[in-house]
Structure formats: C-alpha cells, structure tokens
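So this one's coords.pdb, PDB, C-alpha atoms:
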```pdb
ATOM      1  CA  MET A   1     -12.882  13.072  12.033
ATOM      2  CA  THR A   2     -14.521  15.976  10.217
ATOM      3  CA  SER A   3     -17.918  17.327  11.008
ATOM      4  CA  ILE A   4     -20.520  18.291   8.425
ATOM      5  CA  PRO A   5     -22.060  21.713   9.007
ATOM      6  CA  ALA A   6     -25.707  21.728   9.968
ATOM      7  CA  GLY A   7     -27.881  21.689   6.868
ATOM      8  CA  ALA A   8     -25.013  20.770   4.540
ATOM      9  CA  ASP A   9     -26.990  17.884   3.105
ATOM     10  CA  HIS A  10     -30.024  20.077   2.499
ATOM     11  CA  PRO A  11     -30.582  20.934  -1.196
ATOM     12  CA  ALA A  12     -31.166  24.620  -0.406
ATOM     13  CA  VAL A  13     -27.629  25.002   0.986
ATOM     14  CA  ARG A  14     -25.306  26.151  -1.756
ATOM     15  CA  HIS A  15     -21.964  24.401  -1.899
ATOM     16  CA  SER A  16     -19.189  26.600  -3.179
ATOM     17  CA  GLY A  17     -16.714  24.602  -5.166
ATOM     18  CA  PRO A  18     -13.543  25.416  -7.006
ATOM     19  CA  PHE A  19     -15.509  27.385  -9.611
ATOM     20  CA  ASP A  20     -17.437  29.545  -7.162
ATOM     21  CA  PRO A  21     -15.149  30.883  -4.413
ATOM     22  CA  PRO A  22     -16.958  32.343  -1.403
ATOM     23  CA  ASP A  23     -17.388  36.110  -1.065
ATOM     24  CA  VAL A  24     -16.818  36.833  -4.770
ATOM     25  CA  ALA A  25     -19.096  39.298  -6.568
ATOM     26  CA  TRP A  26     -19.217  38.087 -10.175
ATOM     27  CA  GLN A  27     -19.757  40.547 -13.012
ATOM     28  CA  SER A  28     -21.523  39.215 -16.089
ATOM     29  CA  VAL A  29     -20.830  40.124 -19.695
ATOM     30  CA  SER A  30     -23.225  41.917 -22.028
ATOM     31  CA  PRO A  31     -26.115  39.893 -23.463
ATOM     32  CA  ARG A  32     -25.141  41.412 -26.842
ATOM     33  CA  LEU A  33     -22.504  38.680 -27.014
ATOM     34  CA  VAL A  34     -25.293  36.174 -27.797
ATOM     35  CA  PRO A  35     -26.242  37.647 -31.203
ATOM     36  CA  ALA A  36     -22.556  38.213 -32.030
ATOM     37  CA  ARG A  37     -21.791  34.533 -31.518
ATOM     38  CA  LEU A  38     -24.985  33.372 -33.242
ATOM     39  CA  ILE A  39     -24.272  35.516 -36.311
ATOM     40  CA  SER A  40     -20.747  34.077 -36.571
ATOM     41  CA  ILE A  41     -22.052  30.524 -36.238
ATOM     42  CA  SER A  42     -24.840  31.193 -38.762
ATOM     43  CA  VAL A  43     -22.370  32.460 -41.349
ATOM     44  CA  THR A  44     -20.142  29.427 -40.812
ATOM     45  CA  LEU A  45     -22.988  26.890 -40.991
ATOM     46  CA  GLY A  46     -24.951  28.788 -43.647
ATOM     47  CA  VAL A  47     -22.648  27.805 -46.519
ATOM     48  CA  PRO A  48     -23.019  24.003 -46.109
ATOM     49  CA  LEU A  49     -26.722  24.423 -45.338
ATOM     50  CA  VAL A  50     -27.379  26.341 -48.558
ATOM     51  CA  ALA A  51     -25.156  23.944 -50.535
ATOM     52  CA  GLY A  52     -27.114  20.965 -49.185
ATOM     53  CA  VAL A  53     -30.461  22.533 -50.054
ATOM     54  CA  VAL A  54     -29.346  23.466 -53.582
ATOM     55  CA  LEU A  55     -27.925  19.998 -54.206
ATOM     56  CA  ALA A  56     -31.075  18.368 -52.791
ATOM     57  CA  VAL A  57     -33.297  20.366 -55.138
ATOM     58  CA  LEU A  58     -31.106  20.048 -58.232
ATOM     59  CA  VAL A  59     -29.415  16.644 -57.900
ATOM     60  CA  SER A  60     -30.910  14.207 -55.420
ATOM     61  CA  PRO A  61     -33.118  14.226 -52.332
ATOM     62  CA  TRP A  62     -30.317  12.425 -50.470
ATOM     63  CA  PHE A  63     -28.569  15.768 -50.138
ATOM     64  CA  TRP A  64     -31.226  16.804 -47.607
ATOM     65  CA  LEU A  65     -29.077  14.834 -45.180
ATOM     66  CA  LEU A  66     -26.191  17.158 -46.012
ATOM     67  CA  ALA A  67     -28.428  20.139 -45.239
ATOM     68  CA  GLY A  68     -29.774  18.530 -42.067
ATOM     69  CA  VAL A  69     -26.442  18.357 -40.245
ATOM     70  CA  PRO A  70     -25.692  22.107 -40.299
ATOM     71  CA  ALA A  71     -29.350  22.831 -39.572
ATOM     72  CA  ALA A  72     -29.203  20.622 -36.473
ATOM     73  CA  LEU A  73     -25.923  22.236 -35.387
ATOM     74  CA  LEU A  74     -27.446  25.689 -35.845
ATOM     75  CA  LEU A  75     -30.451  24.717 -33.725
ATOM     76  CA  TRP A  76     -28.094  23.347 -31.055
ATOM     77  CA  ALA A  77     -26.143  26.628 -31.090
ATOM     78  CA  VAL A  78     -29.322  28.685 -30.693
ATOM     79  CA  LEU A  79     -30.131  26.682 -27.565
ATOM     80  CA  LEU A  80     -26.588  26.542 -26.158
ATOM     81  CA  VAL A  81     -25.011  29.962 -26.816
ATOM     82  CA  PRO A  82     -27.286  31.989 -24.479
ATOM     83  CA  ARG A  83     -26.426  29.621 -21.613
ATOM     84  CA  GLN A  84     -22.719  29.822 -22.442
ATOM     85  CA  VAL A  85     -22.810  33.623 -22.383
ATOM     86  CA  ARG A  86     -24.637  33.663 -19.045
ATOM     87  CA  ALA A  87     -21.905  31.386 -17.631
ATOM     88  CA  ILE A  88     -19.130  33.878 -18.430
ATOM     89  CA  GLY A  89     -18.161  36.069 -15.499
ATOM     90  CA  TYR A  90     -15.268  37.957 -13.991
ATOM     91  CA  ALA A  91     -14.429  39.313 -10.577
ATOM     92  CA  GLU A  92     -11.790  41.779  -9.421
ATOM     93  CA  ARG A  93     -10.221  40.912  -6.087
ATOM     94  CA  ASP A  94      -7.470  42.668  -4.143
ATOM     95  CA  ASP A  95      -4.597  40.632  -5.609
ATOM     96  CA  ASP A  96      -6.002  38.962  -8.732
ATOM     97  CA  LEU A  97      -8.676  38.793 -11.397
ATOM     98  CA  LEU A  98     -10.950  35.759 -11.657
ATOM     99  CA  ILE A  99     -12.515  34.705 -14.969
ATOM    100  CA  ARG A 100     -14.966  31.824 -15.194
ATOM    101  CA  LYS A 101     -16.487  30.213 -18.272
ATOM    102  CA  GLY A 102     -18.314  27.089 -19.320
ATOM    103  CA  ILE A 103     -21.405  25.085 -18.553
ATOM    104  CA  MET A 104     -20.428  21.460 -18.887
ATOM    105  CA  PHE A 105     -16.674  21.980 -19.093
ATOM    106  CA  ARG A 106     -16.097  24.791 -16.627
ATOM    107  CA  SER A 107     -12.923  26.744 -16.148
ATOM    108  CA  LEU A 108     -11.761  29.292 -13.626
ATOM    109  CA  VAL A 109      -8.677  31.338 -14.480
ATOM    110  CA  VAL A 110      -6.957  33.308 -11.737
ATOM    111  CA  VAL A 111      -4.673  36.046 -13.068
ATOM    112  CA  PRO A 112      -2.495  37.739 -10.427
ATOM    113  CA  TYR A 113      -2.152  41.470 -11.129
ATOM    114  CA  GLY A 114       1.626  41.288 -10.682
ATOM    115  CA  ARG A 115       1.897  38.758 -13.541
ATOM    116  CA  MET A 116       0.109  40.940 -16.113
ATOM    117  CA  GLN A 117       2.378  42.310 -18.809
ATOM    118  CA  TYR A 118      -0.194  44.186 -20.866
ATOM    119  CA  VAL A 119      -3.926  44.390 -21.467
ATOM    120  CA  ASP A 120      -5.570  44.734 -24.896
ATOM    121  CA  VAL A 121      -9.066  45.810 -25.838
ATOM    122  CA  GLU A 122     -10.245  44.347 -29.145
ATOM    123  CA  ALA A 123     -13.408  44.769 -31.202
ATOM    124  CA  GLY A 124     -13.988  43.450 -34.713
ATOM    125  CA  PRO A 125     -16.528  44.933 -37.139
ATOM    126  CA  LEU A 126     -19.408  42.808 -35.823
ATOM    127  CA  ASP A 127     -18.454  43.565 -32.222
ATOM    128  CA  ARG A 128     -18.376  47.307 -32.926
ATOM    129  CA  LYS A 129     -21.765  47.118 -34.671
ATOM    130  CA  LEU A 130     -23.243  45.350 -31.634
ATOM    131  CA  GLY A 131     -21.479  47.617 -29.135
ATOM    132  CA  ILE A 132     -19.214  45.075 -27.431
ATOM    133  CA  ALA A 133     -15.474  44.557 -26.996
ATOM    134  CA  LYS A 134     -13.074  41.947 -25.635
ATOM    135  CA  VAL A 135     -10.402  42.508 -22.981
ATOM    136  CA  GLN A 136      -7.337  40.324 -23.579
ATOM    137  CA  LEU A 137      -4.893  39.814 -20.700
ATOM    138  CA  HIS A 138      -1.288  38.893 -21.462
ATOM    139  CA  THR A 139       0.838  37.528 -18.651
ATOM    140  CA  ALA A 140       4.380  36.296 -18.125
ATOM    141  CA  SER A 141       3.125  32.756 -18.785
ATOM    142  CA  ALA A 142       1.194  31.952 -21.955
ATOM    143  CA  GLY A 143      -0.808  29.390 -19.965
ATOM    144  CA  THR A 144      -2.465  32.108 -17.917
ATOM    145  CA  ASP A 145      -3.354  34.460 -20.764
ATOM    146  CA  ALA A 146      -7.076  35.091 -20.559
ATOM    147  CA  ASP A 147      -9.828  37.089 -22.193
ATOM    148  CA  ILE A 148     -13.203  38.510 -21.251
ATOM    149  CA  PRO A 149     -15.462  38.759 -24.309
ATOM    150  CA  GLY A 150     -18.702  40.701 -24.618
ATOM    151  CA  LEU A 151     -17.985  43.777 -22.527
ATOM    152  CA  VAL A 152     -19.604  47.136 -23.193
ATOM    153  CA  PRO A 153     -16.808  49.401 -24.569
ATOM    154  CA  ASP A 154     -16.929  51.738 -21.550
ATOM    155  CA  GLU A 155     -16.543  48.777 -19.169
ATOM    156  CA  ALA A 156     -13.761  47.312 -21.319
ATOM    157  CA  GLU A 157     -11.898  50.633 -21.203
ATOM    158  CA  ARG A 158     -12.419  50.976 -17.439
ATOM    159  CA  LEU A 159     -11.284  47.405 -16.837
ATOM    160  CA  ARG A 160      -8.208  47.842 -19.070
ATOM    161  CA  ASP A 161      -7.155  50.992 -17.205
ATOM    162  CA  ARG A 162      -7.821  49.494 -13.780
ATOM    163  CA  LEU A 163      -6.007  46.233 -14.519
ATOM    164  CA  THR A 164      -3.050  48.102 -15.996
ATOM    165  CA  ALA A 165      -2.810  50.346 -12.917
ATOM    166  CA  ARG A 166      -3.062  47.398 -10.552
ATOM    167  CA  GLY A 167      -0.475  45.445 -12.546
ATOM    168  CA  GLU A 168       1.957  48.372 -12.489
ATOM    169  CA  ALA A 169       1.441  48.842  -8.751
ATOM    170  CA  ARG A 170       2.169  45.152  -8.096
ATOM    171  CA  LEU A 171       5.282  45.198 -10.301
ATOM    172  CA  ALA A 172       6.547  48.365  -8.585
ATOM    173  CA  GLY A 173       6.299  46.575  -5.245
ATOM    174  CA  LEU A 174       8.605  43.751  -6.353
TER
END
```
Would you kindly transcribe this structure into structure tokens?
Amino acid sequence: MTSIPAGADHPAVRHSGPFDPPDVAWQSVSPRLVPARLISISVTLGVPLVAGVVLAVLVSPWFWLLAGVPAALLLWAVLLVPRQVRAIGYAERDDDLLIRKGIMFRSLVVVPYGRMQYVDVEAGPLDRKLGIAKVQLHTASAGTDADIPGLVPDEAERLRDRLTARGEARLAGL
C-alpha cells in the first residue's frame, strides 16, 4: 500500500511528471524566436492569401473562402507560436542535457554527453538578422539527435563549446 504525501491532492502542490524532473533549472530560449517563426509562417501563408484575395476581386466572391483559410491559419499561428516558444527549454545536468518542447504534444529529450558525436551552431539569414542561432546535437543514434532553436549567438557558442568539452570528457573515460 502506498501513501499519498500530505497536501498531494491540493491544487497548489506541483506534481512533477516525466516532462518536469525535480531539481532541474530550465533555461528558456530567446523571445526573438517568436518573430522569426511568425515571419516564416507569414511568408508561407501569404502567397495563398494574396492569391485568394486577387481571385475574389477579379473572378468571383467565392474565392474569399480560399483567402479565409490561410488568414485563419495565420491568426492561429499568431496566438500559438508565442506559447510554443515559451515551452521550449533546456537544462544541463552532470551527465546529460535535457531539452523539452511542446504545449499539447510535449516531448523531453535526454542526450547523454558521452553519446554526442558533434555539435553544430546554425543561423540562416533571418536568424542572423534577428540575432538568434540554433544548436544542433548529433549523437550515435539518429533517434536522439536534438536541437535548441532561438539561442542568442553568445549562448549558442558557449553551449556548443561546453557540450563538446563534456562529450569529449565522457568519451575519454570510456
């Protein structure tokens, strides 16, 4: 028979689950990732939106429906992307790196330092303009490859160097 800790059924008591291990200090990514993602989504949805508007004006009002779908998706993205970015976090522990993502469909990736083969830092033109970068981790198993988007370049560089050093130290101990 198991006992329930005092106050466990109280709403103020926080239950740590598989996505929130105890005693982990999560680092968040830069809020500049929000406009980067929104600009990418706007460019993607902008073409069908403009096409729908032009066709609605020139051909038939029924094409407003064609314009309405990307407009609704764009509105949904504006509401959802900031929450998605706030849900991204990473934590460095003694033996591994934790990366969590997602709101509705959450994921927690644990990457042991000894399994890391190399670490990349990437930044496309939009990322560089907004002052962010992505750290890409490559491991011995493709299933555990992971990335941390939206880092300030100095933090991405620091994290790359630290993860590389920790990975080399763990491999040297094998």
For this session: With a distance cut-off of 12 Å and only C-alpha atoms, select the neighbouring residues of Pro35 of chain A, excluding the residue or stretch itself and same-chain residues fewer than 3 positions from it, and output the selection as a VMD selection string.
Result: chain A and resid 30 to 32 38 to 42 77 to 78 81 to 82 85 126 to 127 129 to 132 150
For this session: Rank A:Tyr90, A:Leu80, A:Val34, A:Val119 by their smallest atom-to-atom distance to Ile103 of chain A, using only C-alpha atoms, and report the top residue only.
Result: A:Leu80
Problem set entry | Residues matched by the PyMOL selection byres ((chain A and resi 120-125) around 12), written as number ranges by chain | A: 33, 36, 40, 116-119, 126-139, 145-161, 163-164
Exercise. Do you have the atom CA of Val47 of chain A-atom CA of Phe63 of chain A distance handy?
Worked result: 13.9 Å
Problem set entry | Selection near Pro70 of chain A, 9 Å with only C-alpha atoms, sequence-local residues under 6 positions removed, as a count of residues only | 5
Once the PyMOL selection byres ((chain A and resi 166) around 10) is applied to the coordinates I shared, what remains selected? I want it as a PDB file with C-alpha atoms, in the coordinates of the input.
```
ATOM      1  CA  ASP A  94      -7.470  42.668  -4.143  1.00  0.00           C
ATOM      2  CA  ASP A  95      -4.597  40.632  -5.609  1.00  0.00           C
ATOM      3  CA  ASP A  96      -6.002  38.962  -8.732  1.00  0.00           C
ATOM      4  CA  PRO A 112      -2.495  37.739 -10.427  1.00  0.00           C
ATOM      5  CA  TYR A 113      -2.152  41.470 -11.129  1.00  0.00           C
ATOM      6  CA  GLY A 114       1.626  41.288 -10.682  1.00  0.00           C
ATOM      7  CA  MET A 116       0.109  40.940 -16.113  1.00  0.00           C
ATOM      8  CA  ARG A 160      -8.208  47.842 -19.070  1.00  0.00           C
ATOM      9  CA  ASP A 161      -7.155  50.992 -17.205  1.00  0.00           C
ATOM     10  CA  ARG A 162      -7.821  49.494 -13.780  1.00  0.00           C
ATOM     11  CA  LEU A 163      -6.007  46.233 -14.519  1.00  0.00           C
ATOM     12  CA  THR A 164      -3.050  48.102 -15.996  1.00  0.00           C
ATOM     13  CA  ALA A 165      -2.810  50.346 -12.917  1.00  0.00           C
ATOM     14  CA  GLY A 167      -0.475  45.445 -12.546  1.00  0.00           C
ATOM     15  CA  GLU A 168       1.957  48.372 -12.489  1.00  0.00           C
ATOM     16  CA  ALA A 169       1.441  48.842  -8.751  1.00  0.00           C
ATOM     17  CA  ARG A 170       2.169  45.152  -8.096  1.00  0.00           C
ATOM     18  CA  LEU A 171       5.282  45.198 -10.301  1.00  0.00           C
ATOM     19  CA  ALA A 172       6.547  48.365  -8.585  1.00  0.00           C
TER      20      ALA A 172
END
```
For this session: List the neighbours of Leu65 of chain A out to 10 Å using only C-alpha atoms; skip same-chain residues closer than 3 positions along the sequence, and give me the result as an MDAnalysis selection string.
Result: chainID A and resid 49 52:53 56 61:62 68:71
Residue selection dump (C-alpha atoms) as a PDB file, in the coordinates of the input:
```pdb
ATOM      1  CA  LEU A  49     -26.722  24.423 -45.338  1.00  0.00           C
ATOM      2  CA  GLY A  52     -27.114  20.965 -49.185  1.00  0.00           C
ATOM      3  CA  VAL A  53     -30.461  22.533 -50.054  1.00  0.00           C
ATOM      4  CA  ALA A  56     -31.075  18.368 -52.791  1.00  0.00           C
ATOM      5  CA  PRO A  61     -33.118  14.226 -52.332  1.00  0.00           C
ATOM      6  CA  TRP A  62     -30.317  12.425 -50.470  1.00  0.00           C
ATOM      7  CA  GLY A  68     -29.774  18.530 -42.067  1.00  0.00           C
ATOM      8  CA  VAL A  69     -26.442  18.357 -40.245  1.00  0.00           C
ATOM      9  CA  PRO A  70     -25.692  22.107 -40.299  1.00  0.00           C
ATOM     10  CA  ALA A  71     -29.350  22.831 -39.572  1.00  0.00           C
TER      11      ALA A  71
END
```
For this session: Take atom CA of Leu79 of chain A and atom CA of Trp64 of chain A and report the distance between them in Å, one decimal.
Result: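 Calculated distance between atom CA of Leu79 of chain A and atom CA of Trp64 of chain A is 22.4 Å.
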For this session: May I ask for the distance between atom CA of Phe19 of chain A and atom CA of Leu73 of chain A, given in Å to one decimal place?
Result: 28.3 Å
Using 5 Å of padding on each side, determine the axis-aligned box around all atoms of segment 127-139 of chain A present in the file and give its centre and edge lengths in Å to one decimal, as JSON.
```
{"center_x": -11.2, "center_y": 42.6, "center_z": -26.7, "size_x": 34.1, "size_y": 20.1, "size_z": 26.0}
```
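Distances here use all atoms listed in the file; by that measure, the residue among A:Val50, A:Ser107, A:Asp23, A:Gly17 closest to Arg93 of chain A is A:Asp23.
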For this session: Give me the result of the PyMOL selection byres ((chain A and resi 28) around 6) on this file, residue by residue, as a PyMOL selection string.
Result: chain A and resi 27+29+89
For this session: Measuring atom to atom with all atoms listed in the file, identify which of A:Ala142, A:Leu66, A:Asp20, A:Leu75 is nearest to Lys101 of chain A.
Result: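 Of A:Ala142, A:Leu66, A:Asp20, A:Leu75, the one nearest Lys101 of chain A is A:Asp20, counting all atoms listed in the file.
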